[in-house]
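Participant: Here's a structure for you.
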Amino acid sequence: MSLESANENCIAWAARDVSGVLSPYKFSRRDLGVDDVSLKITHCGVCYADVVWTRNEFGDSMYPVVPGHEIVGTAKDVGSNVKNFKVGDHVGVGNYVNSCRECEFCNDRQEVHCSKRVKTFNGIDVDGTITKGGYSSNIVVHERYCFRIPDGYPLDKAAPLLCAGLTVYTPMMRHNMNQPGKSLGVIGLGGLGHMAVKFGKAFGLKVTVLSTSMSKREEALNLLGVDNFVLSSDEQQMKNLTRSLDFIVDTASGDHPFDPYMSLLKVSGVLVLVGFPSKIILSPASLNIGAKTISGSATGGTKITQEMIDFCAANKIYPEIEVVTIQYANEALDRMINRDVKYRFVIDIENSLK
């Protein structure tokens, strides 16, 4: 056995090239620093970002790529300066693991906007190595970018909170969508959309799902408890909603028209885009008439992440998940691309990655 293989302390699944096909892989995690938490991973959520970088869709993938940034597990060791975690604690890690800690955004705990933010995978770690994500047995992360999972909250259901949950919670709080009695529209009912629905109901909003698929109607009404379901391709149904919504959370990443949705907003209404369509085309009148706003958002800082997790625990908000093994990861990614998941895949790392 070579010295290199003897020192490999982490097992994982990785993509080696633009095919994105994942297969077993071994590597070494960096040593525990004084401010670090070493985490034994139990579960990892499956996010579309895993597709983006395993298949080099942005042209910046650094292979081998170990994806995964919805990570939960148990602290197995902590550095001597760590104050907020102890061995045995349940811990989450989201989509970044470092930042400069000096800029205005870091000082405001909005590290997601830091220009030196380091992605949980396919970034450059403090030791110069390429960061590798949660499709792996363990990870070492500075405690600032770790989050406490409250006792009693199921770890498998905690995983999607770290990206899908945070991505919709952050703009909902920024735009004061937590006002009981107001009305919310949610475009798209996937991993992000179903969490927007759950937060909306917890905030006391009247929630309408806007979908292109009638097949989503029954689960939207009966499983998620929405107040209204509208087939967005039905002009009459859309017309009936004109100027009826205070807020819209748009989770759709496929290209879609914006003017019809903007017409549903009340005066001073806000549409927040959290998906990534290839372009946004709308008439200026859709904004100017009625003084409406369209805004973008992507995940959130460390402060709001912990707030969101605690809110979910306090209000018993749990993502709808399908738990799979690491051996099923390639199929899970393909199914996610084809929107064949209700509503988030979570990999059981602890029991399947051997």
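Scheme for the structure tokens: letters A, B, ... for chains in order shown; per-chain residue numbers from 1; ligand numbers from 1 in order shown.
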Quick one: residues within 12 Å of Gly225 of chain A, only C-alpha atoms, excluding same-chain residues fewer than 3 positions away - as an MDAnalysis selection string?
Facilitator: chainID A and resid 194 197:202 205:209 217:222 228:229
Participant: At a cut-off of 12 Å, using only C-alpha atoms, what residues contact Trp13 of chain A? Leave out same-chain residues fewer than 2 positions from it and give the result as a PyMOL selection string.
Facilitator: chain A and resi 10-11+15-16+20-27+50+54+64-68+132-137+325-330+347+349+352-354
Participant: Write out as an NGL selection string each polymer residue whose atoms come within 8 Å of segment 308-321 of chain A, counting only C-alpha atoms; drop sequence neighbours fewer than 6 positions from it.
Facilitator: :A and (149-150 or 153 or 157-158 or 160-161 or 165-166 or 169 or 194-195 or 198-199 or 202 or 342-346)
Participant: Any chance you can output those residues with N, CA, C and O atoms as a tab-separated table (two decimals), in the first residue's frame?
Facilitator:
chain	number	residue	atom	x	y	z
A	149	ILE	N	-28.16	21.63	14.31
A	149	ILE	CA	-29.45	21.00	14.03
A	149	ILE	C	-30.08	20.66	15.38
A	149	ILE	O	-29.52	19.86	16.14
A	150	PRO	N	-31.21	21.26	15.73
A	150	PRO	CA	-31.79	21.05	17.05
A	150	PRO	C	-32.08	19.58	17.33
A	150	PRO	O	-32.43	18.81	16.42
A	153	TYR	N	-34.80	16.98	15.60
A	153	TYR	CA	-35.13	17.23	14.19
A	153	TYR	C	-34.48	16.13	13.36
A	153	TYR	O	-33.27	15.91	13.45
A	157	LYS	N	-34.30	14.85	7.05
A	157	LYS	CA	-35.13	15.97	6.62
A	157	LYS	C	-34.44	17.31	6.82
A	157	LYS	O	-34.83	18.32	6.22
A	158	ALA	N	-33.40	17.34	7.63
A	158	ALA	CA	-32.66	18.59	7.83
A	158	ALA	C	-31.82	18.94	6.62
A	158	ALA	O	-31.57	20.13	6.34
A	160	PRO	N	-32.18	19.08	3.24
A	160	PRO	CA	-32.62	20.04	2.22
A	160	PRO	C	-32.78	21.47	2.72
A	160	PRO	O	-32.87	22.40	1.92
A	161	LEU	N	-32.83	21.64	4.03
A	161	LEU	CA	-32.94	23.00	4.56
A	161	LEU	C	-31.71	23.83	4.19
A	161	LEU	O	-31.81	25.04	4.02
A	165	GLY	N	-34.29	25.00	1.40
A	165	GLY	CA	-35.02	25.78	2.38
A	165	GLY	C	-34.51	27.20	2.49
A	165	GLY	O	-35.27	28.18	2.48
A	166	LEU	N	-33.19	27.33	2.59
A	166	LEU	CA	-32.58	28.64	2.76
A	166	LEU	C	-32.81	29.54	1.55
A	166	LEU	O	-33.01	30.75	1.68
A	169	TYR	N	-36.36	30.87	2.00
A	169	TYR	CA	-36.58	31.57	3.27
A	169	TYR	C	-35.93	32.95	3.27
A	169	TYR	O	-36.52	33.94	3.74
A	194	HIS	N	-41.85	23.67	-2.99
A	194	HIS	CA	-42.62	23.08	-1.90
A	194	HIS	C	-42.19	23.64	-0.55
A	194	HIS	O	-42.99	23.74	0.37
A	195	MET	N	-40.91	24.08	-0.44
A	195	MET	CA	-40.48	24.72	0.80
A	195	MET	C	-41.06	26.13	0.92
A	195	MET	O	-41.42	26.58	2.01
A	198	LYS	N	-44.45	25.65	2.28
A	198	LYS	CA	-44.45	25.33	3.70
A	198	LYS	C	-44.16	26.57	4.55
A	198	LYS	O	-44.80	26.78	5.59
A	199	PHE	N	-43.20	27.39	4.13
A	199	PHE	CA	-42.93	28.62	4.88
A	199	PHE	C	-44.12	29.57	4.80
A	199	PHE	O	-44.50	30.18	5.80
A	202	ALA	N	-46.72	28.50	7.19
A	202	ALA	CA	-46.28	28.75	8.57
A	202	ALA	C	-46.36	30.23	8.92
A	202	ALA	O	-46.59	30.59	10.08
A	342	LYS	N	-40.30	13.86	-5.60
A	342	LYS	CA	-41.23	14.56	-4.70
A	342	LYS	C	-40.66	14.50	-3.28
A	342	LYS	O	-40.86	13.51	-2.59
A	343	TYR	N	-40.01	15.58	-2.85
A	343	TYR	CA	-39.69	16.77	-3.63
A	343	TYR	C	-38.18	17.03	-3.57
A	343	TYR	O	-37.69	17.93	-4.22
A	344	ARG	N	-37.47	16.23	-2.80
A	344	ARG	CA	-36.01	16.36	-2.71
A	344	ARG	C	-35.41	15.00	-2.41
A	344	ARG	O	-35.85	14.31	-1.49
A	345	PHE	N	-34.40	14.62	-3.18
A	345	PHE	CA	-33.65	13.41	-2.87
A	345	PHE	C	-32.68	13.70	-1.72
A	345	PHE	O	-32.06	14.77	-1.67
A	346	VAL	N	-32.57	12.74	-0.82
A	346	VAL	CA	-31.57	12.81	0.25
A	346	VAL	C	-30.82	11.48	0.27
A	346	VAL	O	-31.44	10.41	0.33
Participant: Which of segment 51-198 of chain A counts as alpha helix (DSSP H) under DSSP, as a PyMOL selection string please?
Facilitator: chain A and resi 51-54+104-107+155-158+164-174+191-198
Participant: Could you please determine the separation between atom CA of Asp340 of chain A and atom CA of Gly254 of chain A in Å, to one decimal place?
Facilitator: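 One can read the atom CA of Asp340 of chain A to atom CA of Gly254 of chain A distance as 15.2 Å.
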Participant: Please compute the atom CA of Asp259 of chain A-atom CA of Ile281 of chain A distance, one decimal, in Å.
Facilitator: 8.1 Å
Participant: Using DSSP on the backbone coordinates, identify the residues of segment 37-221 of chain A assigned to strand (DSSP E); present them as JSON, numbers by chain.
Facilitator: {"A": [37, 38, 39, 40, 41, 42, 43, 44, 45, 71, 72, 73, 74, 75, 76, 77, 78, 90, 91, 92, 93, 96, 97, 98, 118, 119, 138, 139, 140, 141, 142, 146, 147, 148, 183, 184, 185, 186, 187, 206, 207, 208, 209, 210, 211]}
Participant: In Å to one decimal, how far is atom CA of Asp348 of chain A from atom CA of Asp31 of chain A?
Facilitator: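 Answer for the atom CA of Asp31 of chain A to atom CA of Asp348 of chain A separation: 25.0 Å.
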Participant: Using only C-alpha atoms, find each residue of segment 240-280 of chain A with at least one atom at most 10 Å away from an atom of segment 188-191 of chain A; report its shortest atom-to-atom pair and that distance in Å (one decimal), sort the rows by chain and rising residue number, and return the result as JSON lines.
Facilitator:
{"residue": "A:Val249", "atom": "CA", "partner": "A:Gly188", "partner_atom": "CA", "distance": 8.9}
{"residue": "A:Asp250", "atom": "CA", "partner": "A:Gly188", "partner_atom": "CA", "distance": 6.9}
{"residue": "A:Thr251", "atom": "CA", "partner": "A:Gly188", "partner_atom": "CA", "distance": 5.6}
{"residue": "A:Ala252", "atom": "CA", "partner": "A:Gly188", "partner_atom": "CA", "distance": 5.4}
{"residue": "A:Ser253", "atom": "CA", "partner": "A:Gly188", "partner_atom": "CA", "distance": 8.9}
{"residue": "A:Gly254", "atom": "CA", "partner": "A:Gly188", "partner_atom": "CA", "distance": 9.9}
{"residue": "A:Gly275", "atom": "CA", "partner": "A:Gly188", "partner_atom": "CA", "distance": 9.5}
Participant: At a cut-off of 10 Å, using only C-alpha atoms, what residues contact Ser38 of chain A? Leave out same-chain residues fewer than 4 positions from it and give the result as a list in words.
Facilitator: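 Non-adjacent residues within range: Arg29, Arg30, Asp31, Leu32, Gly33, Gly73, Thr74, Ala75, Lys76, Asp77, Val78, Gly79, Val87, Val91, Asn138, Ile139, Val140, Val141, His142 and Glu143 of chain A.
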Participant: Which of these residues is nearest to Lys83 of chain A, using only C-alpha atoms: A:Asp35, A:Asp255, A:Asp246, A:Glu8?
Facilitator: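 Of A:Asp35, A:Asp255, A:Asp246, A:Glu8, the one nearest Lys83 of chain A is A:Asp35, counting only C-alpha atoms.
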Participant: Quick one: everything within 10 Å of Tyr48 of chain A, counting only C-alpha atoms, minus sequence neighbours fewer than 5 positions away in the same chain. Send it as a PDB file with N, CA, C and O atoms, in the first residue's frame.
Facilitator:
ATOM      1  N   TRP A  53     -21.977  21.178 -11.603  1.00  0.00           N
ATOM      2  CA  TRP A  53     -20.532  21.073 -11.530  1.00  0.00           C
ATOM      3  C   TRP A  53     -20.000  19.675 -11.829  1.00  0.00           C
ATOM      4  O   TRP A  53     -18.868  19.542 -12.274  1.00  0.00           O
ATOM      5  N   GLY A  68     -22.371  17.872  -3.535  1.00  0.00           N
ATOM      6  CA  GLY A  68     -23.161  17.826  -2.311  1.00  0.00           C
ATOM      7  C   GLY A  68     -22.926  19.005  -1.387  1.00  0.00           C
ATOM      8  O   GLY A  68     -21.834  19.145  -0.830  1.00  0.00           O
ATOM      9  N   ALA A 164     -32.161  24.242  -0.355  1.00  0.00           N
ATOM     10  CA  ALA A 164     -33.518  24.473  -0.851  1.00  0.00           C
ATOM     11  C   ALA A 164     -34.318  25.347   0.112  1.00  0.00           C
ATOM     12  O   ALA A 164     -34.950  26.333  -0.293  1.00  0.00           O
ATOM     13  N   GLY A 191     -38.301  21.099  -5.398  1.00  0.00           N
ATOM     14  CA  GLY A 191     -37.605  21.152  -4.127  1.00  0.00           C
ATOM     15  C   GLY A 191     -37.702  22.510  -3.461  1.00  0.00           C
ATOM     16  O   GLY A 191     -37.971  22.612  -2.255  1.00  0.00           O
ATOM     17  N   LEU A 333     -29.771  11.897  -9.849  1.00  0.00           N
ATOM     18  CA  LEU A 333     -29.470  13.116 -10.602  1.00  0.00           C
ATOM     19  C   LEU A 333     -30.249  13.152 -11.909  1.00  0.00           C
ATOM     20  O   LEU A 333     -30.793  14.196 -12.297  1.00  0.00           O
ATOM     21  N   MET A 336     -33.854  13.894 -11.144  1.00  0.00           N
ATOM     22  CA  MET A 336     -34.038  15.291 -10.766  1.00  0.00           C
ATOM     23  C   MET A 336     -34.078  16.183 -12.006  1.00  0.00           C
ATOM     24  O   MET A 336     -34.911  17.089 -12.105  1.00  0.00           O
ATOM     25  N   ILE A 337     -33.194  15.909 -12.960  1.00  0.00           N
ATOM     26  CA  ILE A 337     -33.194  16.669 -14.208  1.00  0.00           C
ATOM     27  C   ILE A 337     -34.554  16.551 -14.894  1.00  0.00           C
ATOM     28  O   ILE A 337     -35.070  17.520 -15.463  1.00  0.00           O
TER      29      ILE A 337
END
